[in-house]
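protein.pdb (PDB, C-alpha atoms (C1' of nucleotides))
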```pdb
ATOM      1  CA  MET M  75      99.342   4.718-161.969
ATOM      2  CA  THR M  76      97.232   1.624-162.515
ATOM      3  CA  TYR M  77      97.891  -1.266-164.841
ATOM      4  CA  SER M  78      95.756  -3.793-166.637
ATOM      5  CA  ILE M  79      96.624  -7.438-166.126
ATOM      6  CA  ALA M  80      98.410  -7.448-169.484
ATOM      7  CA  GLN M  81     100.533  -4.462-168.456
ATOM      8  CA  ALA M  82     101.239  -5.977-165.049
ATOM      9  CA  ALA M  83     102.317  -9.184-166.764
ATOM     10  CA  GLU M  84     104.618  -7.352-169.096
ATOM     11  CA  ARG M  85     106.212  -5.288-166.345
ATOM     12  CA  SER M  86     106.623  -8.114-163.874
ATOM     13  CA  GLY M  87     107.717 -10.723-166.373
ATOM     14  CA  LEU M  88     105.005 -13.102-165.193
ATOM     15  CA  SER M  89     102.318 -14.395-167.534
ATOM     16  CA  ILE M  90      98.705 -13.293-167.234
ATOM     17  CA  ASP M  91      97.779 -16.800-166.174
ATOM     18  CA  THR M  92     100.475 -16.794-163.540
ATOM     19  CA  LEU M  93      99.216 -13.516-162.128
ATOM     20  CA  ARG M  94      95.748 -14.954-161.704
ATOM     21  CA  TYR M  95      97.242 -18.161-160.324
ATOM     22  CA  TYR M  96      99.285 -16.257-157.725
ATOM     23  CA  GLU M  97      96.173 -14.430-156.674
ATOM     24  CA  ARG M  98      94.215 -17.647-156.355
ATOM     25  CA  ILE M  99      96.801 -19.264-154.091
ATOM     26  CA  GLY M 100      97.115 -16.197-151.902
ATOM     27  CA  LEU M 101     100.531 -15.062-153.012
ATOM     28  CA  VAL M 102      99.250 -11.640-154.047
ATOM     29  CA  ASP M 103      96.289  -9.751-152.685
ATOM     30  CA  PRO M 104      93.362  -9.392-155.052
ATOM     31  CA  PRO M 105      93.982  -6.103-156.834
ATOM     32  CA  ALA M 106      91.368  -3.393-157.281
ATOM     33  CA  ARG M 107      88.834  -3.768-160.079
ATOM     34  CA  ASP M 108      87.790  -1.192-162.646
ATOM     35  CA  SER M 109      84.187  -0.353-163.488
ATOM     36  CA  GLY M 110      83.993  -3.373-165.767
ATOM     37  CA  GLY M 111      85.210  -5.792-163.112
ATOM     38  CA  ARG M 112      88.714  -6.063-164.523
ATOM     39  CA  ARG M 113      91.836  -6.206-162.384
ATOM     40  CA  SER M 114      93.604  -2.908-161.914
ATOM     41  CA  TYR M 115      97.101  -3.206-160.442
ATOM     42  CA  SER M 116      98.680  -0.360-158.473
ATOM     43  CA  ASP M 117     102.370   0.572-158.353
ATOM     44  CA  ASP M 118     102.544  -1.129-154.967
ATOM     45  CA  ASP M 119     101.066  -4.279-156.439
ATOM     46  CA  LEU M 120     103.669  -4.089-159.165
ATOM     47  CA  GLY M 121     106.491  -3.674-156.672
ATOM     48  CA  TRP M 122     105.398  -6.744-154.790
ATOM     49  CA  LEU M 123     105.108  -8.747-158.017
ATOM     50  CA  VAL M 124     108.618  -7.757-159.016
ATOM     51  CA  PHE M 125     109.950  -8.707-155.604
ATOM     52  CA  LEU M 126     108.189 -12.068-155.884
ATOM     53  CA  THR M 127     109.922 -12.710-159.179
ATOM     54  CA  ARG M 128     113.251 -12.140-157.429
ATOM     55  CA  LEU M 129     112.382 -14.675-154.785
ATOM     56  CA  ARG M 130     111.216 -17.085-157.446
ATOM     57  CA  THR M 131     114.368 -16.612-159.512
ATOM     58  CA  THR M 132     116.424 -17.483-156.474
ATOM     59  CA  GLY M 133     114.461 -20.679-156.073
ATOM     60  CA  MET M 134     112.257 -19.890-153.111
ATOM     61  CA  PRO M 135     109.381 -22.385-153.085
ATOM     62  CA  ILE M 136     105.912 -20.949-153.433
ATOM     63  CA  ARG M 137     104.804 -22.121-150.006
ATOM     64  CA  MET M 138     107.581 -20.045-148.427
ATOM     65  CA  MET M 139     106.707 -17.014-150.525
ATOM     66  CA  ARG M 140     103.180 -17.488-149.326
ATOM     67  CA  GLU M 141     104.250 -17.567-145.716
ATOM     68  CA  TYR M 142     106.158 -14.361-146.316
ATOM     69  CA  ALA M 143     103.116 -12.804-148.012
ATOM     70  CA  GLN M 144     100.890 -13.710-145.088
ATOM     71  CA  LEU M 145     103.333 -12.218-142.586
ATOM     72  CA  ARG M 146     103.541  -9.053-144.627
ATOM     73  CA  HIS M 147      99.801  -8.886-144.515
ATOM     74  CA  ARG M 148      99.880  -8.923-140.720
ATOM     75  CA  GLY M 149     101.954  -5.766-140.578
ATOM     76  CA  ASP M 150     105.030  -4.475-138.829
ATOM     77  CA  ALA M 151     104.819  -6.863-135.908
ATOM     78  CA  THR M 152     105.974  -9.665-138.208
ATOM     79  CA  ALA M 153     108.982  -7.798-139.565
ATOM     80  CA  GLY M 154     111.373  -9.855-137.426
ATOM     81  CA  ARG M 155     110.138 -13.156-138.777
ATOM     82  CA  ARG M 156     110.176 -11.831-142.326
ATOM     83  CA  LYS M 157     113.712 -10.621-141.921
ATOM     84  CA  GLN M 158     114.657 -14.060-140.633
ATOM     85  CA  ILE M 159     113.134 -15.701-143.702
ATOM     86  CA  LEU M 160     115.112 -13.413-145.996
ATOM     87  CA  PHE M 161     118.221 -14.021-143.923
ATOM     88  CA  GLU M 162     117.923 -17.767-144.256
ATOM     89  CA  HIS M 163     117.055 -17.480-147.889
ATOM     90  CA  ARG M 164     120.097 -15.333-148.510
ATOM     91  CA  ALA M 165     122.243 -18.059-146.992
ATOM     92  CA  SER M 166     120.704 -20.673-149.269
ATOM     93  CA  VAL M 167     121.215 -18.478-152.320
ATOM     94  CA  ARG M 168     124.867 -18.055-151.389
ATOM     95  CA  GLU M 169     125.200 -21.807-151.005
ATOM     96  CA  ARG M 170     123.566 -22.320-154.353
ATOM     97  CA  ILE M 171     125.981 -19.915-156.012
ATOM     98  CA  ALA M 172     128.917 -21.728-154.426
ATOM     99  CA  GLU M 173     127.548 -25.054-155.621
ATOM    100  CA  LEU M 174     127.151 -23.733-159.157
ATOM    101  CA  GLN M 175     130.637 -22.341-159.107
ATOM    102  CA  SER M 176     132.081 -25.655-158.031
ATOM    103  CA  CYS M 177     130.214 -27.440-160.819
ATOM    104  CA  LEU M 178     131.419 -24.778-163.207
ATOM    105  CA  GLU M 179     134.967 -25.825-162.444
ATOM    106  CA  VAL M 180     134.167 -29.399-163.397
ATOM    107  CA  LEU M 181     132.685 -28.088-166.615
ATOM    108  CA  GLU M 182     135.811 -26.033-167.328
ATOM    109  CA  TYR M 183     137.914 -29.107-166.749
ATOM    110  CA  LYS M 184     135.805 -31.195-169.099
ATOM    111  CA  ILE M 185     135.909 -28.562-171.813
ATOM    112  CA  THR M 186     139.682 -28.358-171.513
ATOM    113  CA  HIS M 187     139.764 -32.115-171.829
ATOM    114  CA  TYR M 188     137.841 -31.919-175.088
ATOM    115  CA  GLU M 189     140.200 -29.254-176.318
ATOM    116  CA  GLN M 190     143.104 -31.556-175.669
ATOM    117  CA  LEU M 191     141.319 -34.350-177.471
ATOM    118  CA  GLU M 192     140.822 -32.105-180.474
ATOM    119  CA  HIS M 193     144.440 -31.106-180.352
ATOM    120  CA  THR M 194     145.509 -34.742-180.351
ATOM    121  CA  PHE M 195     143.175 -35.383-183.237
ATOM    122  CA  VAL M 196     144.657 -32.561-185.292
ATOM    123  CA  GLU M 197     148.131 -33.755-184.524
ATOM    124  CA  GLY M 198     147.068 -37.216-185.626
ATOM    125  CA  ILE M 199     145.965 -35.819-188.982
ATOM    126  CA  THR M 200     148.970 -33.649-189.588
ATOM    127  CA  ALA M 201     151.412 -36.308-188.437
TER     128      ALA M 201
ATOM    129  CA  MET C 665     135.853 -52.420-158.239
ATOM    130  CA  THR C 666     132.160 -53.072-158.660
ATOM    131  CA  TYR C 667     129.274 -51.626-156.700
ATOM    132  CA  SER C 668     125.780 -52.764-155.822
ATOM    133  CA  ILE C 669     122.968 -50.379-156.631
ATOM    134  CA  ALA C 670     122.885 -49.289-152.986
ATOM    135  CA  GLN C 671     126.600 -48.484-153.067
ATOM    136  CA  ALA C 672     126.279 -46.690-156.380
ATOM    137  CA  ALA C 673     123.425 -44.657-154.945
ATOM    138  CA  GLU C 674     125.425 -43.712-151.893
ATOM    139  CA  ARG C 675     128.504 -42.725-153.876
ATOM    140  CA  SER C 676     126.663 -40.791-156.578
ATOM    141  CA  GLY C 677     124.187 -39.111-154.286
ATOM    142  CA  LEU C 678     121.288 -40.344-156.397
ATOM    143  CA  SER C 679     118.571 -42.561-154.967
ATOM    144  CA  ILE C 680     118.242 -46.226-155.931
ATOM    145  CA  ASP C 681     115.000 -45.419-157.673
ATOM    146  CA  THR C 682     116.611 -42.606-159.580
ATOM    147  CA  LEU C 683     119.409 -44.901-160.753
ATOM    148  CA  ARG C 684     116.888 -47.331-162.193
ATOM    149  CA  TYR C 685     114.893 -44.452-163.626
ATOM    150  CA  TYR C 686     117.962 -43.015-165.366
ATOM    151  CA  GLU C 687     118.660 -46.405-166.841
ATOM    152  CA  ARG C 688     115.110 -46.762-168.071
ATOM    153  CA  ILE C 689     115.159 -43.442-169.882
ATOM    154  CA  GLY C 690     118.541 -44.099-171.483
ATOM    155  CA  LEU C 691     120.606 -41.693-169.442
ATOM    156  CA  VAL C 692     122.945 -44.403-168.245
ATOM    157  CA  ASP C 693     123.838 -47.644-169.976
ATOM    158  CA  PRO C 694     122.492 -50.772-168.335
ATOM    159  CA  PRO C 695     125.277 -51.854-165.992
ATOM    160  CA  ALA C 696     126.632 -55.403-165.786
ATOM    161  CA  ARG C 697     124.679 -57.937-163.753
ATOM    162  CA  ASP C 698     126.006 -60.365-161.156
ATOM    163  CA  SER C 699     125.163 -64.080-161.088
ATOM    164  CA  GLY C 700     121.892 -63.306-159.346
ATOM    165  CA  GLY C 701     120.772 -60.801-161.980
ATOM    166  CA  ARG C 702     121.552 -57.773-159.835
ATOM    167  CA  ARG C 703     123.098 -54.595-161.167
ATOM    168  CA  SER C 704     126.838 -54.328-160.736
ATOM    169  CA  TYR C 705     128.244 -50.855-161.373
ATOM    170  CA  SER C 706     131.855 -50.305-162.493
ATOM    171  CA  ASP C 707     134.108 -47.383-161.611
ATOM    172  CA  ASP C 708     133.415 -46.008-165.080
ATOM    173  CA  ASP C 709     129.691 -46.237-164.450
ATOM    174  CA  LEU C 710     130.207 -44.386-161.190
ATOM    175  CA  GLY C 711     132.236 -41.676-162.881
ATOM    176  CA  TRP C 712     129.478 -41.069-165.375
ATOM    177  CA  LEU C 713     126.860 -40.966-162.634
ATOM    178  CA  VAL C 714     128.843 -38.407-160.712
ATOM    179  CA  PHE C 715     129.263 -36.296-163.825
ATOM    180  CA  LEU C 716     125.529 -36.510-164.455
ATOM    181  CA  THR C 717     124.864 -35.204-160.969
ATOM    182  CA  ARG C 718     127.026 -32.189-161.792
ATOM    183  CA  LEU C 719     125.020 -31.505-164.910
ATOM    184  CA  ARG C 720     121.812 -31.950-162.971
ATOM    185  CA  THR C 721     122.964 -29.634-160.195
ATOM    186  CA  THR C 722     123.661 -26.967-162.764
ATOM    187  CA  GLY C 723     120.136 -27.337-164.079
ATOM    188  CA  MET C 724     120.685 -29.185-167.331
ATOM    189  CA  PRO C 725     117.367 -30.709-168.372
ATOM    190  CA  ILE C 726     117.248 -34.477-168.634
ATOM    191  CA  ARG C 727     116.574 -34.460-172.363
ATOM    192  CA  MET C 728     119.848 -32.609-172.924
ATOM    193  CA  MET C 729     121.763 -34.956-170.672
ATOM    194  CA  ARG C 730     120.270 -37.747-172.715
ATOM    195  CA  GLU C 731     121.434 -36.199-175.948
ATOM    196  CA  TYR C 732     124.903 -35.925-174.456
ATOM    197  CA  ALA C 733     124.760 -39.552-173.291
ATOM    198  CA  GLN C 734     123.756 -40.717-176.750
ATOM    199  CA  LEU C 735     126.591 -38.777-178.380
ATOM    200  CA  ARG C 736     129.049 -40.220-175.895
ATOM    201  CA  HIS C 737     127.801 -43.629-176.863
ATOM    202  CA  ARG C 738     128.656 -42.957-180.484
ATOM    203  CA  GLY C 739     132.316 -42.386-179.699
ATOM    204  CA  ASP C 740     135.067 -39.906-180.469
ATOM    205  CA  ALA C 741     133.487 -38.649-183.675
ATOM    206  CA  THR C 742     130.879 -36.813-181.616
ATOM    207  CA  ALA C 743     133.384 -35.095-179.335
ATOM    208  CA  GLY C 744     132.925 -31.790-181.128
ATOM    209  CA  ARG C 745     129.196 -31.714-180.611
ATOM    210  CA  ARG C 746     129.593 -32.772-176.982
ATOM    211  CA  LYS C 747     132.092 -30.041-176.366
ATOM    212  CA  GLN C 748     129.679 -27.577-177.894
ATOM    213  CA  ILE C 749     126.934 -28.714-175.539
ATOM    214  CA  LEU C 750     129.205 -28.244-172.535
ATOM    215  CA  PHE C 751     130.304 -24.908-173.910
ATOM    216  CA  GLU C 752     126.761 -23.653-174.217
ATOM    217  CA  HIS C 753     125.860 -25.094-170.880
ATOM    218  CA  ARG C 754     128.795 -23.368-169.252
ATOM    219  CA  ALA C 755     127.516 -20.081-170.632
ATOM    220  CA  SER C 756     124.076 -20.714-169.189
ATOM    221  CA  VAL C 757     125.526 -21.623-165.800
ATOM    222  CA  ARG C 758     127.499 -18.400-165.805
ATOM    223  CA  GLU C 759     124.360 -16.473-166.644
ATOM    224  CA  ARG C 760     122.493 -18.222-163.898
ATOM    225  CA  ILE C 761     125.197 -17.300-161.379
ATOM    226  CA  ALA C 762     125.048 -13.685-162.499
ATOM    227  CA  GLU C 763     121.269 -13.702-162.156
ATOM    228  CA  LEU C 764     121.481 -15.132-158.660
ATOM    229  CA  GLN C 765     124.061 -12.574-157.686
ATOM    230  CA  SER C 766     121.885  -9.753-158.896
ATOM    231  CA  CYS C 767     118.929 -11.101-156.903
ATOM    232  CA  LEU C 768     121.226 -11.493-153.936
ATOM    233  CA  GLU C 769     121.802  -7.755-154.020
ATOM    234  CA  VAL C 770     118.077  -7.115-153.835
ATOM    235  CA  LEU C 771     117.957  -9.469-150.874
ATOM    236  CA  GLU C 772     120.806  -7.635-149.161
ATOM    237  CA  TYR C 773     118.994  -4.397-149.718
ATOM    238  CA  LYS C 774     115.777  -5.741-148.237
ATOM    239  CA  ILE C 775     117.559  -7.164-145.213
ATOM    240  CA  THR C 776     119.233  -3.821-144.609
ATOM    241  CA  HIS C 777     115.830  -2.223-144.868
ATOM    242  CA  TYR C 778     114.522  -4.517-142.130
ATOM    243  CA  GLU C 779     117.518  -3.668-139.990
ATOM    244  CA  GLN C 780     116.701   0.000-140.338
ATOM    245  CA  LEU C 781     113.091  -0.712-139.428
ATOM    246  CA  GLU C 782     114.243  -2.514-136.291
ATOM    247  CA  HIS C 783     116.540   0.335-135.476
ATOM    248  CA  THR C 784     113.705   2.810-135.825
ATOM    249  CA  PHE C 785     111.575   0.606-133.660
ATOM    250  CA  VAL C 786     114.196   0.480-130.891
ATOM    251  CA  GLU C 787     114.630   4.226-131.106
ATOM    252  CA  GLY C 788     110.899   4.593-130.821
ATOM    253  CA  ILE C 789     110.931   2.607-127.593
ATOM    254  CA  THR C 790     113.897   4.338-126.025
ATOM    255  CA  ALA C 791     112.719   7.784-127.092
TER     256      ALA C 791
ATOM    257  C1'  DG H 698     114.081 -75.545-145.087
ATOM    258  C1'  DG H 699     112.466 -71.261-143.525
ATOM    259  C1'  DT H 700     113.183 -66.477-142.756
ATOM    260  C1'  DT H 701     115.412 -62.239-143.786
ATOM    261  C1'  DG H 702     117.057 -58.593-146.564
ATOM    262  C1'  DA H 703     118.618 -56.731-150.856
ATOM    263  C1'  DC H 704     117.251 -56.448-155.273
ATOM    264  C1'  DC H 705     114.178 -57.205-159.353
ATOM    265  C1'  DT H 706     110.102 -55.601-162.761
ATOM    266  C1'  DG H 707     106.309 -52.881-164.787
ATOM    267  C1'  DG H 708     103.441 -49.546-163.793
ATOM    268  C1'  DA H 709     101.052 -46.116-161.004
ATOM    269  C1'  DG H 710     101.336 -41.975-158.166
ATOM    270  C1'  DT H 711     103.330 -37.460-156.489
ATOM    271  C1'  DG H 712     104.564 -32.485-156.037
ATOM    272  C1'  DC H 713     105.542 -28.437-158.104
ATOM    273  C1'  DA H 714     104.502 -24.576-160.817
ATOM    274  C1'  DC H 715     102.266 -23.348-163.990
ATOM    275  C1'  DT H 716      99.237 -23.352-168.517
ATOM    276  C1'  DC H 717      95.234 -24.026-171.098
ATOM    277  C1'  DC H 718      90.328 -24.193-172.007
ATOM    278  C1'  DA H 719      85.204 -23.353-172.581
ATOM    279  C1'  DG H 720      81.937 -20.358-172.135
ATOM    280  C1'  DC H 721      80.932 -15.992-170.533
ATOM    281  C1'  DT H 722      80.929 -10.474-169.960
ATOM    282  C1'  DC H 723      82.158  -5.956-171.101
ATOM    283  C1'  DC H 724      83.822  -1.946-173.679
ATOM    284  C1'  DT H 725      85.148   0.154-178.132
ATOM    285  C1'  DA H 726      84.999   1.120-182.815
ATOM    286  C1'  DC H 727      82.763   0.926-187.045
TER     287       DC H 727
ATOM    288  C1'  DG K1110      73.747  -2.842-183.260
ATOM    289  C1'  DT K1111      77.272  -5.815-184.062
ATOM    290  C1'  DA K1112      82.020  -7.505-184.477
ATOM    291  C1'  DG K1113      86.353  -7.806-182.153
ATOM    292  C1'  DG K1114      89.385  -7.920-178.449
ATOM    293  C1'  DA K1115      90.624  -7.941-173.601
ATOM    294  C1'  DG K1116      89.409  -9.866-169.566
ATOM    295  C1'  DC K1117      86.543 -12.915-166.448
ATOM    296  C1'  DT K1118      85.636 -17.733-163.893
ATOM    297  C1'  DG K1119      86.165 -22.573-162.402
ATOM    298  C1'  DG K1120      88.292 -26.373-163.532
ATOM    299  C1'  DA K1121      91.110 -29.529-166.241
ATOM    300  C1'  DG K1122      95.579 -30.564-168.296
ATOM    301  C1'  DT K1123     100.772 -30.391-168.737
ATOM    302  C1'  DG K1124     105.789 -31.297-168.153
ATOM    303  C1'  DC K1125     109.335 -32.421-165.346
ATOM    304  C1'  DA K1126     111.783 -35.363-162.423
ATOM    305  C1'  DC K1127     111.322 -38.326-159.700
ATOM    306  C1'  DT K1128     109.135 -41.749-156.022
ATOM    307  C1'  DC K1129     106.440 -45.448-154.550
ATOM    308  C1'  DC K1130     104.230 -49.908-154.824
ATOM    309  C1'  DA K1131     102.860 -54.893-155.372
ATOM    310  C1'  DG K1132     104.365 -58.986-156.147
ATOM    311  C1'  DG K1133     108.238 -61.642-157.226
ATOM    312  C1'  DT K1134     113.430 -63.671-157.157
ATOM    313  C1'  DC K1135     117.693 -64.863-155.073
ATOM    314  C1'  DA K1136     121.521 -65.827-151.762
ATOM    315  C1'  DA K1137     122.806 -66.360-147.103
ATOM    316  C1'  DC K1138     122.330 -67.433-142.494
ATOM    317  C1'  DC K1139     120.165 -69.936-138.601
TER     318       DC K1139
END
```
Here is a file; write its structure as C-alpha cells.
Amino acid sequence: MTYSIAQAAERSGLSIDTLRYYERIGLVDPPARDSGGRRSYSDDDLGWLVFLTRLRTTGMPIRMMREYAQLRHRGDATAGRRKQILFEHRASVRERIAELQSCLEVLEYKITHYEQLEHTFVEGITA
Amino acid sequence: MTYSIAQAAERSGLSIDTLRYYERIGLVDPPARDSGGRRSYSDDDLGWLVFLTRLRTTGMPIRMMREYAQLRHRGDATAGRRKQILFEHRASVRERIAELQSCLEVLEYKITHYEQLEHTFVEGITA
DNA sequence: GGTTGACCTGGAGTGCACTCCAGCTCCTAC
DNA sequence: GTAGGAGCTGGAGTGCACTCCAGGTCAACC
C-alpha cells in the first residue's frame, strides 16, 4: 500500500505541514514520489511516522528523535545505541508519570478543600 | 517570614527572571517591597508560587493559570469556578498519564525487540 | 567615599515545534 | 480546453514560556 500525504497525515495524526517539516529536518526519509512528483508513503514510512508520534507524545525532543533516526539509517550496527536511547527515554517517561501523579495528589487535595468550603457555605446558608 | 527574590526563587524552583515575568503578566500579585524598593515575598506568596509550579508541571497553560489567579483575586464567590477549573484540569492530567502509560508500553515492546535482536546477534556469533 | 553585590526596570532576544503563505505544477472531470 | 483541487517549493510568521541585557539604584562593608 502507498499513501498520499493527506492519507499519511490522517493515519499518523500529524498535519501535512508537519510531515513536510519532519522531512526537511531529516526526521523522516524523503518518501517515494509518484509520476506527478507527489509524495507516496509506504507502510514502512507510516510505521515510522506512528512511532515518531509516540516518541513525541512522551516528550522526546526533536533533536533526540533525529539522532535516533540517523542511527536507524546506519543499520543494525547502531542497534545498541538506539536501545540505550530508548532505555533512557523510558526512564524519563517513568519519572514524568511519577511527577504527574504526585502533582495529581496536590490537585486532589485542593479539590477536596474546595468541597469543604462549599460544604461550609451551604451550612452557613441553612444555619 | 519574608523572602528576597533569590530566596523565593530557590524555594519555589522558579528562576528570578521567571518570578518577575509571572508578576508582569499578572500571574502573581506584586509582592511587598522593602525600604530599598526590593521585592519581599511572604509565606502566602511562596505558597501560591509553589502551587503554580504544580499547575505548570502538569502542563496547565499560563493563560489558564492566569484565569485562576484572577478568580482567586475576586474572593470566595469564585470558588465554584475555580474548583471547576481544577476538576477539569485533573481530568486532563489523568488522561495525560494514561497516554504516557500507553506510549510506555510501546517503548517496552521496542526495547524487548532490541533485546531479541541482540540475542540473535550473540547466537549468530556463537553459532 | 569607593567598591561590591543584589536587585531594579523596560525591552529585546531565544528555542522549540510547528504553521502559514505565495506562486507554481499537475491530474481529473466536465 | 478549462476549472478545481491536491500537492509542490522556499521562506516567512506564530505562540509559548521564558531568558537575557543595558543601564541604573541601593545598602553594606572596607
Which of these residues is nearest to chain M, using all atoms listed in the file: K:DT1134, K:DT1123, K:DT1111, K:DT1118? K:DT1118
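Near chain H, within 8 Å and using all atoms listed in the file, the residues of chain M are Asp91, Thr92 and Gly110 of chain M.
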Translate the PyMOL selection byres ((chain K) within 10 of (chain M)), as applied to the file shown, into an explicit residue set as JSON, numbers by chain. {"K": [1115, 1116, 1117]}
At most 12 Å is the cut-off: for each residue in chain M with any atom that close to an atom of chain C, write down the nearest atom pair and the distance in Å rounded to one decimal, counting all atoms listed in the file, chain first then increasing number, as JSON lines.
```
{"residue": "M:Val124", "atom": "CA", "partner": "C:Val770", "partner_atom": "CA", "distance": 10.8}
{"residue": "M:Phe125", "atom": "CA", "partner": "C:Val770", "partner_atom": "CA", "distance": 8.5}
{"residue": "M:Leu126", "atom": "CA", "partner": "C:Cys767", "partner_atom": "CA", "distance": 10.8}
{"residue": "M:Thr127", "atom": "CA", "partner": "C:Cys767", "partner_atom": "CA", "distance": 9.4}
{"residue": "M:Arg128", "atom": "CA", "partner": "C:Cys767", "partner_atom": "CA", "distance": 5.8}
{"residue": "M:Leu129", "atom": "CA", "partner": "C:Cys767", "partner_atom": "CA", "distance": 7.8}
{"residue": "M:Arg130", "atom": "CA", "partner": "C:Cys767", "partner_atom": "CA", "distance": 9.8}
{"residue": "M:Thr131", "atom": "CA", "partner": "C:Leu764", "partner_atom": "CA", "distance": 7.3}
{"residue": "M:Thr132", "atom": "CA", "partner": "C:Leu764", "partner_atom": "CA", "distance": 6.0}
{"residue": "M:Gly133", "atom": "CA", "partner": "C:Leu764", "partner_atom": "CA", "distance": 9.3}
{"residue": "M:Met134", "atom": "CA", "partner": "C:Cys767", "partner_atom": "CA", "distance": 11.7}
{"residue": "M:Asp150", "atom": "CA", "partner": "C:Leu781", "partner_atom": "CA", "distance": 8.9}
{"residue": "M:Ala151", "atom": "CA", "partner": "C:Phe785", "partner_atom": "CA", "distance": 10.3}
{"residue": "M:Thr152", "atom": "CA", "partner": "C:Tyr778", "partner_atom": "CA", "distance": 10.7}
{"residue": "M:Ala153", "atom": "CA", "partner": "C:Tyr778", "partner_atom": "CA", "distance": 6.9}
{"residue": "M:Gly154", "atom": "CA", "partner": "C:Tyr778", "partner_atom": "CA", "distance": 7.8}
{"residue": "M:Arg155", "atom": "CA", "partner": "C:Tyr778", "partner_atom": "CA", "distance": 10.3}
{"residue": "M:Arg156", "atom": "CA", "partner": "C:Tyr778", "partner_atom": "CA", "distance": 8.5}
{"residue": "M:Lys157", "atom": "CA", "partner": "C:Ile775", "partner_atom": "CA", "distance": 6.1}
{"residue": "M:Gln158", "atom": "CA", "partner": "C:Ile775", "partner_atom": "CA", "distance": 8.8}
{"residue": "M:Ile159", "atom": "CA", "partner": "C:Ile775", "partner_atom": "CA", "distance": 9.7}
{"residue": "M:Leu160", "atom": "CA", "partner": "C:Ile775", "partner_atom": "CA", "distance": 6.8}
{"residue": "M:Phe161", "atom": "CA", "partner": "C:Ile775", "partner_atom": "CA", "distance": 7.0}
{"residue": "M:Glu162", "atom": "CA", "partner": "C:Leu771", "partner_atom": "CA", "distance": 10.6}
{"residue": "M:His163", "atom": "CA", "partner": "C:Leu771", "partner_atom": "CA", "distance": 8.6}
{"residue": "M:Arg164", "atom": "CA", "partner": "C:Leu771", "partner_atom": "CA", "distance": 6.7}
{"residue": "M:Ala165", "atom": "CA", "partner": "C:Leu768", "partner_atom": "CA", "distance": 9.6}
{"residue": "M:Ser166", "atom": "CA", "partner": "C:Leu768", "partner_atom": "CA", "distance": 10.3}
{"residue": "M:Val167", "atom": "CA", "partner": "C:Leu768", "partner_atom": "CA", "distance": 7.2}
{"residue": "M:Arg168", "atom": "CA", "partner": "C:Leu768", "partner_atom": "CA", "distance": 7.9}
{"residue": "M:Glu169", "atom": "CA", "partner": "C:Leu764", "partner_atom": "CA", "distance": 10.8}
{"residue": "M:Arg170", "atom": "CA", "partner": "C:Leu764", "partner_atom": "CA", "distance": 8.6}
{"residue": "M:Ile171", "atom": "CA", "partner": "C:Ile761", "partner_atom": "CA", "distance": 6.0}
{"residue": "M:Ala172", "atom": "CA", "partner": "C:Ile761", "partner_atom": "CA", "distance": 9.0}
{"residue": "M:Glu173", "atom": "CA", "partner": "C:Thr721", "partner_atom": "CA", "distance": 7.9}
{"residue": "M:Leu174", "atom": "CA", "partner": "C:Thr722", "partner_atom": "CA", "distance": 6.0}
{"residue": "M:Gln175", "atom": "CA", "partner": "C:Ile761", "partner_atom": "CA", "distance": 7.8}
{"residue": "M:Ser176", "atom": "CA", "partner": "C:Arg718", "partner_atom": "CA", "distance": 9.1}
{"residue": "M:Cys177", "atom": "CA", "partner": "C:Arg718", "partner_atom": "CA", "distance": 5.8}
{"residue": "M:Leu178", "atom": "CA", "partner": "C:Arg754", "partner_atom": "CA", "distance": 6.7}
{"residue": "M:Glu179", "atom": "CA", "partner": "C:Arg754", "partner_atom": "CA", "distance": 9.5}
{"residue": "M:Val180", "atom": "CA", "partner": "C:Arg718", "partner_atom": "CA", "distance": 7.8}
{"residue": "M:Leu181", "atom": "CA", "partner": "C:Arg754", "partner_atom": "CA", "distance": 6.7}
{"residue": "M:Glu182", "atom": "CA", "partner": "C:Arg754", "partner_atom": "CA", "distance": 7.7}
{"residue": "M:Tyr183", "atom": "CA", "partner": "C:Leu750", "partner_atom": "CA", "distance": 10.5}
{"residue": "M:Lys184", "atom": "CA", "partner": "C:Leu750", "partner_atom": "CA", "distance": 8.0}
{"residue": "M:Ile185", "atom": "CA", "partner": "C:Lys747", "partner_atom": "CA", "distance": 6.1}
{"residue": "M:Thr186", "atom": "CA", "partner": "C:Lys747", "partner_atom": "CA", "distance": 9.2}
{"residue": "M:His187", "atom": "CA", "partner": "C:Lys747", "partner_atom": "CA", "distance": 9.2}
{"residue": "M:Tyr188", "atom": "CA", "partner": "C:Lys747", "partner_atom": "CA", "distance": 6.2}
{"residue": "M:Glu189", "atom": "CA", "partner": "C:Lys747", "partner_atom": "CA", "distance": 8.1}
{"residue": "M:Gln190", "atom": "CA", "partner": "C:Ala743", "partner_atom": "CA", "distance": 11.0}
{"residue": "M:Leu191", "atom": "CA", "partner": "C:Ala743", "partner_atom": "CA", "distance": 8.2}
{"residue": "M:Glu192", "atom": "CA", "partner": "C:Gly744", "partner_atom": "CA", "distance": 7.9}
{"residue": "M:His193", "atom": "CA", "partner": "C:Gly744", "partner_atom": "CA", "distance": 11.6}
{"residue": "M:Thr194", "atom": "CA", "partner": "C:Asp740", "partner_atom": "CA", "distance": 11.6}
{"residue": "M:Phe195", "atom": "CA", "partner": "C:Asp740", "partner_atom": "CA", "distance": 9.7}
```
Separation of CA of Tyr77 (chain M) from CA of Tyr115 (chain M) in Å: 4.9 Å
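The gap separating CA of Ile726 (chain C) from CA of Tyr95 (chain M) is 27.1 Å, in Å to one decimal.
Between CA of Leu710 (chain C) and CA of Tyr732 (chain C) there is a distance of 16.6 Å.
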Could you tell me, as number ranges by chain, exactly which residues end up selected when the PyMOL selection byres ((chain M and resi 86) around 8) is applied to this structure? M: 82-85, 87-88, 120, 123-124, 127
